[in-house]
Structures are given as C-alpha cells and as structure tokens.
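Asks: Dropping a structure here in structure tokens format, bear with me for questions.
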Amino acid sequence: MITFCLPQLPYDYEALKPAISAETLRYHHDKHHLAYINTLNRLIKGTEFEDSELIDIVRHSKGTIFNNAAQVWNHTFYFEQFGVYTPIQGQLAEQIVRQWGTVDKFKEEFVAAGVSQFGSGWVWLACDKDGELSILTESNAGNPLTKGYIPLLTFDVWEHAYYIDYRNQRADYLNALWNIIDWRIIEDRYMFFFDY
Ligand code: MN
C-alpha cells in the first residue's frame, strides 16, 4: 500500500514574491495540494490502485480517483518549475522559435490560452514523441499525459492559484509567472523525455 506525501517546496515561502505571495503558497501548497493528497490516499485504499505509482493512476483511473491523482501530479509539477528565473536556451528554445517565431509570441499565445480556459483548469506546454510542441488547455484536473503528450510546463488557472494576489485578474497572474520560471527545469523535462 503506497501512501502519498506532500512534497516540500524547493524554495521558501517568500521566494516567489511578488509573482506569488507567501500567503498564496501557504494556502495553495499547504492546504489545497495537501487536501488532494489526503483524499487520494483515502480513495485508493482497497482499490486496484493502492499499490500503483502516481503517474499510472493518472493514466488509468477515472472519476474522483483520477481527479485527485491528477491534481496531486499537476501541483507537484507546477510548484517544481518555479524558483529563480533563468532564461530559456538550448534545444527547447530553438524548437519554440521554430514553431512560434519568437519566445515572446509563444508566451503571448500561452497566456491567451490560459485566459480563455473557461472555469478551473490548467494550461500546458507539452510535446509529442517527435519533440513537436503544443499549447493545450485542460479543464479541472485534466493532464495531457492522458492524451499521449509529455507535459513540460503548466500554469494553474484555478482561482485558488491567484485570487489572494490578483483577485479576478487572471492574465496579470499568468504574465507574472514568467518571472519565476526556471527554464533549466523545463529544458531538463524536454531533454529527459525527448532525448532517447
Ligand atoms: Mn491549484
């Protein structure tokens, strides 16, 4: 029987200011993320998923188990990509420029996709098995892994992610996140999945 635990944030609560406040992190990580983990642990007990890896639960479950497993996976992935801003470079930068022309154009389309997601969900940068990139939106707990894509970057557009700091201004929140992305992490994800 696997019991999932809340991963520690890889930075302190003040580290992402002003893009994300310490108060938001204390709610988003310590309460929302933890709640998904506790619910998932309770739900999988006695089911076919009680010994499964998280990614396999995301890929193969449905309903409330899927919703909670995917929210656990998505939030870990989301929190891990932040830190000290590091510019985008390498093969991922080349691929973004090949597909969007400029990094700024890519960012603009990514934010526009996040703004247009109706209700709760996530906006993703994902790649296919050939390394071709896509901007995808998913509602609620949706994750592009279930459609055969490899997730690289995600912005949470649930209101709990931004309402303390930005109230209803979702676009301001999304644009501010570019200032705290450690692109080395996104490039590592790209190379890890793509370069074999
Ligand atoms: Mn969230």
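Identifiers in the structure tokens: chain A, B, ... in order shown; residue index from 1 per chain; ligand index from 1 in order shown.
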Around ligand 1, which protein and nucleic acid residues have at least one atom no more than 7 Å from it, if we count only C-alpha atoms and all ligand atoms? List them as a list in words.

Replies: His28, His32, His33, His75, Asp156, Trp158, His160 and Ala161 of chain A

Asks: Which residues in chain A does DSSP call alpha helix (DSSP H)? List them as a VMD selection string.

Replies: chain A and resid 22 to 27 34 to 44 54 to 60 63 to 80 90 to 100 103 to 116 163 to 166 170 to 177 183 to 194

Asks: How many Å lie between CA of Lys129 in chain A and CA of Gly90 in chain A, rounded to one decimal?

Replies: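 Distance between the two atoms: 18.3 Å.
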
Asks: What's around Ala15 in chain A at 9 Å? Count only C-alpha atoms, leave out sequence neighbours fewer than 6 positions away in its own chain, and write the answer as a PyMOL selection string.

Replies: chain A and resi 21-22+83-84

Asks: Which is closer to Phe192 in chain A than all the others in A:Thr64, A:Gln91, A:Asn143, A:Asn38, using only C-alpha atoms?

Replies: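 The closest residue to Phe192 in chain A is A:Gln91.
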
Asks: Give me, as a list in words, all polymer residues having an atom no more than 6 Å from Ala70 in chain A, counting only C-alpha atoms and skipping those fewer than 4 positions away in the same chain.

Replies: Val58, Phe66, Asn74 and Ala141 of chain A

Asks: Restricted to C-alpha atoms, what would the selected residues look like written as a tab-separated table (two decimals), in the first residue's frame?

Replies:
chain	number	residue	atom	x	y	z
A	58	VAL	CA	-3.27	9.44	-13.60
A	66	PHE	CA	-8.45	10.48	-11.42
A	74	ASN	CA	-0.22	18.60	-11.59
A	141	ALA	CA	-7.73	18.17	-13.18

Asks: I need the residue nearest Leu153 in chain A from this list: A:Asp165, A:Glu14, A:Asp188, A:Glu48. Use only C-alpha atoms for the distance.

Replies: A:Asp188

Asks: Pick out the closest residue to Phe155 in chain A from this set: A:Tyr85, A:Trp100, A:Phe77, A:Phe193. Count only C-alpha atoms.

Replies: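 Counting only C-alpha atoms, the residue closest to Phe155 in chain A is A:Phe77.
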
Asks: Apply DSSP to the backbone of this structure and, from chain A, keep only the residues in strand (DSSP E); write these as a PyMOL selection string.

Replies: chain A and resi 121-127+133-139+150-156

Asks: For the residues in that selection, give me C-alpha atoms as an mmCIF file, in the first residue's frame.

Replies:
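To be explicit, this is the file written out as selection.cif:
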data_model
loop_
_atom_site.group_PDB
_atom_site.id
_atom_site.type_symbol
_atom_site.label_atom_id
_atom_site.label_comp_id
_atom_site.auth_asym_id
_atom_site.auth_seq_id
_atom_site.Cartn_x
_atom_site.Cartn_y
_atom_site.Cartn_z
ATOM 1 C CA GLY A 121 -8.167 24.084 -15.235
ATOM 2 C CA TRP A 122 -4.610 24.189 -16.468
ATOM 3 C CA VAL A 123 -2.712 25.498 -19.484
ATOM 4 C CA TRP A 124 0.133 23.275 -20.631
ATOM 5 C CA LEU A 125 3.159 23.257 -22.850
ATOM 6 C CA ALA A 126 3.550 19.647 -23.930
ATOM 7 C CA CYS A 127 5.404 17.733 -26.610
ATOM 8 C CA LEU A 133 5.397 21.325 -29.024
ATOM 9 C CA SER A 134 1.754 22.205 -28.328
ATOM 10 C CA ILE A 135 -0.101 24.610 -26.058
ATOM 11 C CA LEU A 136 -3.016 22.696 -24.568
ATOM 12 C CA THR A 137 -5.742 23.664 -22.127
ATOM 13 C CA GLU A 138 -7.417 21.198 -19.817
ATOM 14 C CA SER A 139 -10.381 21.731 -17.531
ATOM 15 C CA ILE A 150 4.539 14.721 -22.483
ATOM 16 C CA PRO A 151 3.967 17.680 -20.126
ATOM 17 C CA LEU A 152 6.755 20.272 -19.940
ATOM 18 C CA LEU A 153 5.284 23.366 -18.264
ATOM 19 C CA THR A 154 1.955 24.179 -16.664
ATOM 20 C CA PHE A 155 0.166 27.211 -15.223
ATOM 21 C CA ASP A 156 -2.684 26.538 -12.803
#

Asks: Report the closest atom pair, with its distance in Å rounded to one decimal, for each residue of range 19-108 of chain A that has an atom no farther than 7 Å from range 2-10 of chain A; count only C-alpha atoms, sort by chain and then rising residue number, and write it as CSV.

Replies:
residue,atom,partner,partner_atom,distance
A:Leu34,CA,A:Leu6,CA,5.9
A:Ile37,CA,A:Phe4,CA,6.3
A:Asn41,CA,A:Thr3,CA,6.0
A:Glu50,CA,A:Ile2,CA,6.1
A:Asp51,CA,A:Ile2,CA,5.3
A:Phe79,CA,A:Leu9,CA,6.9
A:Glu80,CA,A:Pro10,CA,6.7

Asks: Let me make sure I understand: among A:Gly148, A:Asp12, A:Ser52, A:Thr24, which one has the smallest atom-to-atom distance to Tyr166 in chain A if we use only C-alpha atoms?

Replies: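 Going through A:Gly148, A:Asp12, A:Ser52, A:Thr24 one by one, the smallest distance to Tyr166 in chain A is for A:Thr24.
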
Asks: Pick the closest to Gln95 in chain A from A:Met191, A:Ile65, A:Ala171, A:Val72: which is it, counting only C-alpha atoms?

Replies: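 The shortest atom-to-atom distance to Gln95 in chain A comes from A:Met191.
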
Asks: Tell me which protein, DNA and RNA residues are within 8 Å of Asn67 in chain A, counting only C-alpha atoms, leaving out same-chain ones fewer than 5 positions away, and put them as a list in words.

Replies: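 Answer for this query is Lys62, Asn140, Ala141 and Gly142 of chain A.
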
Asks: Hey, which of A:His60, A:Tyr162, A:Val157, A:Leu145 ends up closest to Ala113 in chain A? Count only C-alpha atoms.

Replies: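 Nearest candidate to Ala113 in chain A out of A:His60, A:Tyr162, A:Val157, A:Leu145: A:Val157.
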